[in-house]
Amino acid sequence: MKWKYILKRLLMAIPTFFRITILAYFILNLAPGSPLDALLADPGITPAELERKRVALGLDQPVIIQYLNWLRQLLQGNMGFSYSTQRPVADMILERLPATASLAGASIVLSPLVSIPLGIYAASKPNSGRDYISGGISLLMMATPNFFVGLVFIYVFAIVLQILPSGGMYDSAGVKSGLSLARHMIMPCLVLSFQQIGG
């Protein structure tokens with residue numbers, strides 16, 4: 001039964017993926033500017049070179065053809081090149097994957113460690129003051145967007161109190177120690193766990 005449910009959810013994810021990518025692709029296409037804008041800043045580029053680059057990138061084609069070409073490349077494992085860095089997108093994702101995975105993992109571990117004891121404490125006296133207060137706080141935590149929590153935390157802990165760094169993975173000195181990594185992970189881990197703890 002469990003495998004049928006998982007299979008059903010996976011099959012439902014396929015049309016969702018297509019809808020999201022089509023919507024994102026067409027909305028980005030409607031945005032002002034183009035990937036060639038960075039080249040336009042170069043005073044030495046000629047209109048012929050610009051047109052050659054436009055054709056090479058497939059930007060001369062209708063947007064539906066551009067999307068289908070992008071989708072075909074993606075299904076073959078080619079995520080393309082970043083227009084800003086001129087590097088393969090897959091390489092850039094893989095570079096950042098360990099940091100992202102460790103941060104996500106830490107927040108997944110932290111959330112139940114904090115929320116379960118608080119939930120038990122609140123539920124031990126139903127309809128009491130602590131129950132209503134914890135319910136109100138959890139609703140507030142679930143309703144507050146992560147980006148806002150992040151801005152508040154940066155202001156409080158990095159600017160006002162100056163006890164936590166505002167960004168990066170290690171100290172600016174470049175020493176990659178476990179203590180430095182832990183110190184840098186505290187704030188983003190708390191931000192990521194904020195809504196999960198409320199939930």
# chains A, B, ... in the order shown; residues from 1 in each chain; ligands from 1
call {"tool": "residues_around", "arguments": {"residues": "region 64-77 of chain A", "least_positions_apart": "6", "cutoff": "9 Å", "atoms": "only C-alpha atoms", "output": "list in words"}}
result
Thr21, Ile22, Tyr25, Phe26, Gly58 and Ala90 of chain A
call {"tool": "residues_around", "arguments": {"residues": "Phe147 (chain A)", "least_positions_apart": "2", "cutoff": "12 Å", "atoms": "only C-alpha atoms", "output": "number ranges by chain"}}
result
A: 143-145, 149-154, 188, 191-192, 194-195
call {"tool": "closest_residue", "arguments": {"among": "A:Ala122, A:Cys189, A:Leu28, A:Val160", "to": "Ala106 (chain A)", "atoms": "only C-alpha atoms"}}
result
A:Cys189
call {"tool": "atom_distance", "arguments": {"atom1": "CA of Arg54 (chain A)", "atom2": "CA of Leu23 (chain A)"}}
result
22.7 Å
call {"tool": "select_by_dssp", "arguments": {"residues": "region 12-185 of chain A", "states": "alpha helix (DSSP H)", "output": "number ranges by chain"}}
result
A: 12-30, 37-40, 47-56, 63-75, 89-123, 129-143, 146-153, 178-185
call {"tool": "write_last_selection", "arguments": {"atoms": "C-alpha atoms", "output": "mmCIF file, in the first residue's frame"}}
result
data_model
loop_
_atom_site.group_PDB
_atom_site.id
_atom_site.type_symbol
_atom_site.label_atom_id
_atom_site.label_comp_id
_atom_site.auth_asym_id
_atom_site.auth_seq_id
_atom_site.Cartn_x
_atom_site.Cartn_y
_atom_site.Cartn_z
ATOM 1 C CA MET A 12 1.622 13.310 -9.845
ATOM 2 C CA ALA A 13 4.947 15.163 -9.576
ATOM 3 C CA ILE A 14 5.617 14.801 -13.324
ATOM 4 C CA PRO A 15 2.786 17.082 -14.588
ATOM 5 C CA THR A 16 3.486 19.454 -11.676
ATOM 6 C CA PHE A 17 7.120 19.707 -12.799
ATOM 7 C CA PHE A 18 6.061 20.514 -16.364
ATOM 8 C CA ARG A 19 3.545 23.126 -15.248
ATOM 9 C CA ILE A 20 6.072 24.865 -12.989
ATOM 10 C CA THR A 21 8.875 24.864 -15.573
ATOM 11 C CA ILE A 22 6.584 26.120 -18.362
ATOM 12 C CA LEU A 23 5.218 28.893 -16.152
ATOM 13 C CA ALA A 24 8.683 29.928 -14.925
ATOM 14 C CA TYR A 25 10.149 29.834 -18.431
ATOM 15 C CA PHE A 26 7.418 31.978 -19.966
ATOM 16 C CA ILE A 27 7.385 34.478 -17.076
ATOM 17 C CA LEU A 28 11.174 34.893 -17.327
ATOM 18 C CA ASN A 29 10.791 35.393 -21.062
ATOM 19 C CA LEU A 30 8.333 38.251 -20.419
ATOM 20 C CA ASP A 37 22.617 42.355 -21.730
ATOM 21 C CA ALA A 38 26.025 41.641 -20.159
ATOM 22 C CA LEU A 39 27.570 41.614 -23.649
ATOM 23 C CA LEU A 40 25.934 44.953 -24.501
ATOM 24 C CA PRO A 47 26.084 44.021 -33.853
ATOM 25 C CA ALA A 48 27.212 41.046 -35.974
ATOM 26 C CA GLU A 49 28.924 39.396 -32.965
ATOM 27 C CA LEU A 50 25.857 40.064 -30.845
ATOM 28 C CA GLU A 51 23.577 38.477 -33.446
ATOM 29 C CA ARG A 52 25.935 35.483 -33.776
ATOM 30 C CA LYS A 53 25.789 34.969 -30.008
ATOM 31 C CA ARG A 54 21.970 35.306 -30.053
ATOM 32 C CA VAL A 55 21.706 32.587 -32.713
ATOM 33 C CA ALA A 56 24.244 30.362 -30.899
ATOM 34 C CA VAL A 63 9.936 30.868 -26.881
ATOM 35 C CA ILE A 64 8.177 27.478 -27.145
ATOM 36 C CA ILE A 65 11.110 26.111 -29.211
ATOM 37 C CA GLN A 66 13.563 27.563 -26.678
ATOM 38 C CA TYR A 67 11.666 25.800 -23.876
ATOM 39 C CA LEU A 68 11.597 22.448 -25.719
ATOM 40 C CA ASN A 69 15.341 22.715 -26.461
ATOM 41 C CA TRP A 70 16.010 23.502 -22.793
ATOM 42 C CA LEU A 71 13.832 20.572 -21.674
ATOM 43 C CA ARG A 72 15.568 18.154 -24.082
ATOM 44 C CA GLN A 73 18.996 19.242 -22.781
ATOM 45 C CA LEU A 74 17.813 18.934 -19.157
ATOM 46 C CA LEU A 75 16.506 15.398 -19.691
ATOM 47 C CA VAL A 89 25.206 25.158 -13.940
ATOM 48 C CA ALA A 90 25.601 21.521 -12.773
ATOM 49 C CA ASP A 91 29.134 22.281 -11.499
ATOM 50 C CA MET A 92 27.870 25.335 -9.598
ATOM 51 C CA ILE A 93 25.072 23.286 -7.991
ATOM 52 C CA LEU A 94 27.452 20.451 -7.033
ATOM 53 C CA GLU A 95 29.854 22.963 -5.450
ATOM 54 C CA ARG A 96 27.133 24.228 -3.147
ATOM 55 C CA LEU A 97 25.384 20.908 -2.510
ATOM 56 C CA PRO A 98 27.465 19.799 0.532
ATOM 57 C CA ALA A 99 26.837 23.101 2.346
ATOM 58 C CA THR A 100 23.126 23.014 1.495
ATOM 59 C CA ALA A 101 22.753 19.361 2.546
ATOM 60 C CA SER A 102 24.563 19.885 5.863
ATOM 61 C CA LEU A 103 22.427 22.941 6.662
ATOM 62 C CA ALA A 104 19.175 21.179 5.720
ATOM 63 C CA GLY A 105 20.215 18.106 7.724
ATOM 64 C CA ALA A 106 21.046 20.192 10.793
ATOM 65 C CA SER A 107 17.679 21.984 10.665
ATOM 66 C CA ILE A 108 15.811 18.666 10.246
ATOM 67 C CA VAL A 109 17.569 17.320 13.369
ATOM 68 C CA LEU A 110 17.101 20.535 15.387
ATOM 69 C CA SER A 111 13.366 20.949 14.673
ATOM 70 C CA PRO A 112 12.080 17.839 16.521
ATOM 71 C CA LEU A 113 14.673 18.251 19.294
ATOM 72 C CA VAL A 114 13.134 21.634 20.141
ATOM 73 C CA SER A 115 9.503 21.170 19.111
ATOM 74 C CA ILE A 116 8.696 17.777 20.669
ATOM 75 C CA PRO A 117 9.631 18.744 24.270
ATOM 76 C CA LEU A 118 7.780 22.076 23.855
ATOM 77 C CA GLY A 119 4.738 20.235 22.442
ATOM 78 C CA ILE A 120 4.746 17.753 25.342
ATOM 79 C CA TYR A 121 5.068 20.621 27.832
ATOM 80 C CA ALA A 122 2.099 22.460 26.259
ATOM 81 C CA ALA A 123 -0.039 19.299 25.946
ATOM 82 C CA GLY A 129 -2.429 29.279 29.742
ATOM 83 C CA ARG A 130 0.707 27.464 28.544
ATOM 84 C CA ASP A 131 -1.372 25.539 25.967
ATOM 85 C CA TYR A 132 -2.919 28.712 24.522
ATOM 86 C CA ILE A 133 0.374 30.623 24.559
ATOM 87 C CA SER A 134 2.275 27.798 22.846
ATOM 88 C CA GLY A 135 -0.526 27.459 20.281
ATOM 89 C CA GLY A 136 -0.371 31.184 19.544
ATOM 90 C CA ILE A 137 3.427 31.162 19.268
ATOM 91 C CA SER A 138 3.404 28.126 16.967
ATOM 92 C CA LEU A 139 0.819 29.810 14.668
ATOM 93 C CA LEU A 140 2.988 32.933 14.565
ATOM 94 C CA MET A 141 6.080 30.844 13.765
ATOM 95 C CA MET A 142 4.301 29.003 10.946
ATOM 96 C CA ALA A 143 2.935 32.241 9.479
ATOM 97 C CA ASN A 146 11.738 32.535 6.462
ATOM 98 C CA PHE A 147 13.210 35.539 4.633
ATOM 99 C CA PHE A 148 11.705 37.883 7.265
ATOM 100 C CA VAL A 149 12.982 35.709 10.140
ATOM 101 C CA GLY A 150 16.417 35.749 8.483
ATOM 102 C CA LEU A 151 16.462 39.559 8.249
ATOM 103 C CA VAL A 152 15.377 39.915 11.894
ATOM 104 C CA PHE A 153 17.995 37.394 13.073
ATOM 105 C CA GLY A 178 34.718 22.771 12.905
ATOM 106 C CA LEU A 179 34.113 25.482 15.529
ATOM 107 C CA SER A 180 33.999 28.188 12.858
ATOM 108 C CA LEU A 181 31.588 26.108 10.746
ATOM 109 C CA ALA A 182 29.303 25.470 13.748
ATOM 110 C CA ARG A 183 29.282 29.185 14.634
ATOM 111 C CA HIS A 184 28.354 30.120 11.073
ATOM 112 C CA MET A 185 25.602 27.471 10.908
#
call {"tool": "closest_residue", "arguments": {"among": "A:Ile186, A:Lys125, A:Lys4, A:Gly33", "to": "Ala158 (chain A)", "atoms": "only C-alpha atoms"}}
result
A:Ile186
call {"tool": "atom_distance", "arguments": {"atom1": "CA of Leu59 (chain A)", "atom2": "CA of Leu36 (chain A)"}}
result
9.3 Å
